[in-house]
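K.L.:
Once you've had a glance at the structure underneath, I'll fire off some questions.
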Amino acid sequence: MRVRNKRILFVCTGNTCRSPMAEIILKSKLKSIGIKNVKVSSAGLNTENGLKMSKNSFEALKLMGYKPYGFKSKRLTEQMIAKSDAVICMTENHKYALSNYLNVYTISQLTGLGNIEDPYGGNINVYIKTSHQLEDACNIILEQILNKQGE
């Protein structure tokens, strides 16, 4: 299947929990079905560059069979937004912070599954729940990507 080059950027607050989990999940799903022309990345509204993914995010992804190795956080820039076809925010508040841009959506808008709340500070079970919510959302986003290719 040939997919037109697309860039998807997941955004949360710190880029150490939700958005990196979404990035890794969607990348893995795209790779497993041979789609190479959709680039997926993530960034945070309020973070430093180069932080590791949170330990519980890492563990939750591993438990689900994903390989979260080598992730480093990135602070969101205007250039990242401009280069993206879709900037997917975890909550309405994230979208509101980026309301000047037309290519910004909430994960809820695209999937109907609601906001993805921040698991930061929660135990591993909270992170596992979040990772399952993100996997459900990524399944819907993947379906939307595939449907667009048929048009």
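Each chain in the structure tokens gets a letter, A, B, ..., in the order shown, and its residues are numbered from 1; ligands are numbered from 1 in order too.
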With only C-alpha atoms counted and 6 Å as the cut-off, give the residues of stretch 64-95 of chain A in contact with stretch 6-13 of chain A, each with its shortest interatomic distance in Å and the pair that gives it, as a tab-separated table.
P.N.:
residue	atom	partner	partner_atom	distance
A:Ser84	CA	A:Arg7	CA	4.8
A:Asp85	CA	A:Arg7	CA	5.2
A:Ala86	CA	A:Ile8	CA	5.0
A:Val87	CA	A:Leu9	CA	4.7
A:Ile88	CA	A:Phe10	CA	4.7
A:Cys89	CA	A:Val11	CA	4.7
A:Met90	CA	A:Cys12	CA	5.6
K.L.:
Go ahead and write the selection's residues with N, CA and C atoms as a compact mmCIF listing (two decimals), in the first residue's frame.
P.N.:
# COMPACT_ATOMS: atom_id res chain seq x y z
N SER A 84 4.21 19.55 10.38
CA SER A 84 3.29 18.44 10.65
C SER A 84 1.98 18.61 9.89
N ASP A 85 1.46 17.49 9.41
CA ASP A 85 0.13 17.49 8.81
C ASP A 85 -0.94 17.52 9.89
N ALA A 86 -0.67 16.80 10.98
CA ALA A 86 -1.61 16.77 12.10
C ALA A 86 -0.84 16.80 13.41
N VAL A 87 -1.18 17.77 14.24
CA VAL A 87 -0.64 17.88 15.59
C VAL A 87 -1.77 17.39 16.50
N ILE A 88 -1.53 16.26 17.17
CA ILE A 88 -2.57 15.62 17.96
C ILE A 88 -2.28 15.81 19.45
N CYS A 89 -3.11 16.60 20.09
CA CYS A 89 -2.94 16.93 21.51
C CYS A 89 -3.70 15.93 22.39
N MET A 90 -3.16 15.69 23.57
CA MET A 90 -3.77 14.74 24.49
C MET A 90 -5.02 15.29 25.17
K.L.:
If you run DSSP on this backbone, which residues of stretch 7-143 of chain A come out as helix (DSSP H, G or I), and could you give them as a PyMOL selection string?
P.N.:
chain A and resi 18-32+55-63+78-83+92-97+107-111+124-143
K.L.:
Counting only C-alpha atoms, which of A:Ala22, A:Leu142, A:Val38, A:Leu134 gets nearest to A:Met53?
P.N.:
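Using only C-alpha atoms, A:Met53 sits closest to A:Ala22.
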K.L.:
Would you list the contacts of stretch 104-112 of chain A as a PyMOL selection string, taking every protein, DNA or RNA residue within 9 Å and counting only C-alpha atoms, but skipping same-chain residues closer than 2 positions in sequence?
P.N.:
chain A and resi 10+81+85-92+94-95+98-102+114-116+136-138+140-141+144
K.L.:
What is the atom CA of A:Arg75 to atom CA of A:Asn46 distance in Å?
P.N.:
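Distance between the two atoms: 6.7 Å.
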K.L.:
Assign secondary structure with DSSP using the backbone only, and return the residues of stretch 36-104 of chain A in strand (DSSP E) as a PyMOL selection string.
P.N.:
chain A and resi 38-44+86-89+104
K.L.:
Write a file of the just-selected residues containing N, CA, C and O atoms, as an mmCIF file, in the first residue's frame.
P.N.:
data_model
loop_
_atom_site.group_PDB
_atom_site.id
_atom_site.type_symbol
_atom_site.label_atom_id
_atom_site.label_comp_id
_atom_site.auth_asym_id
_atom_site.auth_seq_id
_atom_site.Cartn_x
_atom_site.Cartn_y
_atom_site.Cartn_z
ATOM 1 N N VAL A 38 4.553 7.525 6.609
ATOM 2 C CA VAL A 38 3.922 8.313 7.656
ATOM 3 C C VAL A 38 4.937 8.425 8.785
ATOM 4 O O VAL A 38 5.328 7.417 9.375
ATOM 5 N N LYS A 39 5.378 9.628 9.038
ATOM 6 C CA LYS A 39 6.366 9.872 10.083
ATOM 7 C C LYS A 39 5.642 10.294 11.350
ATOM 8 O O LYS A 39 4.799 11.189 11.322
ATOM 9 N N VAL A 40 5.986 9.668 12.455
ATOM 10 C CA VAL A 40 5.342 9.946 13.731
ATOM 11 C C VAL A 40 6.395 10.429 14.718
ATOM 12 O O VAL A 40 7.461 9.822 14.842
ATOM 13 N N SER A 41 6.089 11.511 15.419
ATOM 14 C CA SER A 41 6.991 12.021 16.441
ATOM 15 C C SER A 41 6.149 12.573 17.582
ATOM 16 O O SER A 41 4.922 12.533 17.542
ATOM 17 N N SER A 42 6.827 13.100 18.602
ATOM 18 C CA SER A 42 6.111 13.687 19.736
ATOM 19 C C SER A 42 6.939 14.812 20.329
ATOM 20 O O SER A 42 8.150 14.899 20.107
ATOM 21 N N ALA A 43 6.241 15.654 21.085
ATOM 22 C CA ALA A 43 6.911 16.789 21.731
ATOM 23 C C ALA A 43 6.067 17.235 22.915
ATOM 24 O O ALA A 43 4.905 16.848 23.054
ATOM 25 N N GLY A 44 6.684 18.061 23.761
ATOM 26 C CA GLY A 44 5.993 18.569 24.939
ATOM 27 C C GLY A 44 5.924 20.085 24.950
ATOM 28 O O GLY A 44 6.849 20.754 24.481
ATOM 29 N N ALA A 86 -0.670 16.804 10.985
ATOM 30 C CA ALA A 86 -1.613 16.765 12.103
ATOM 31 C C ALA A 86 -0.837 16.803 13.411
ATOM 32 O O ALA A 86 0.054 15.988 13.639
ATOM 33 N N VAL A 87 -1.176 17.775 14.237
ATOM 34 C CA VAL A 87 -0.637 17.879 15.588
ATOM 35 C C VAL A 87 -1.770 17.385 16.499
ATOM 36 O O VAL A 87 -2.833 17.995 16.547
ATOM 37 N N ILE A 88 -1.528 16.263 17.173
ATOM 38 C CA ILE A 88 -2.574 15.618 17.963
ATOM 39 C C ILE A 88 -2.278 15.806 19.446
ATOM 40 O O ILE A 88 -1.307 15.256 19.974
ATOM 41 N N CYS A 89 -3.114 16.599 20.093
ATOM 42 C CA CYS A 89 -2.942 16.932 21.511
ATOM 43 C C CYS A 89 -3.699 15.933 22.388
ATOM 44 O O CYS A 89 -4.771 15.458 22.029
ATOM 45 N N VAL A 104 -4.050 21.581 14.309
ATOM 46 C CA VAL A 104 -4.012 21.052 15.679
ATOM 47 C C VAL A 104 -5.370 20.466 16.040
ATOM 48 O O VAL A 104 -6.407 21.104 15.832
#
K.L.:
Using Å and a single decimal, report how far atom CA of A:Lys52 sits from atom CA of A:Phe71.
P.N.:
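It comes out at 6.2 Å.
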K.L.:
Calculate how many Å separate atom CA of A:Leu113 from atom CA of A:Ile145, rounding to one decimal.
P.N.:
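Between these atoms lies a distance of 17.1 Å.
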K.L.:
At a cut-off of 12 Å, using only C-alpha atoms, what residues contact A:Glu135? Leave out same-chain residues fewer than 3 positions from it and give the result as JSON, numbers by chain.
P.N.:
{"A": [18, 19, 21, 22, 23, 24, 25, 26, 27, 28, 29, 60, 61, 64, 65, 66, 107, 111, 113, 116, 128, 129, 130, 131, 132, 138, 139, 140, 141, 142]}
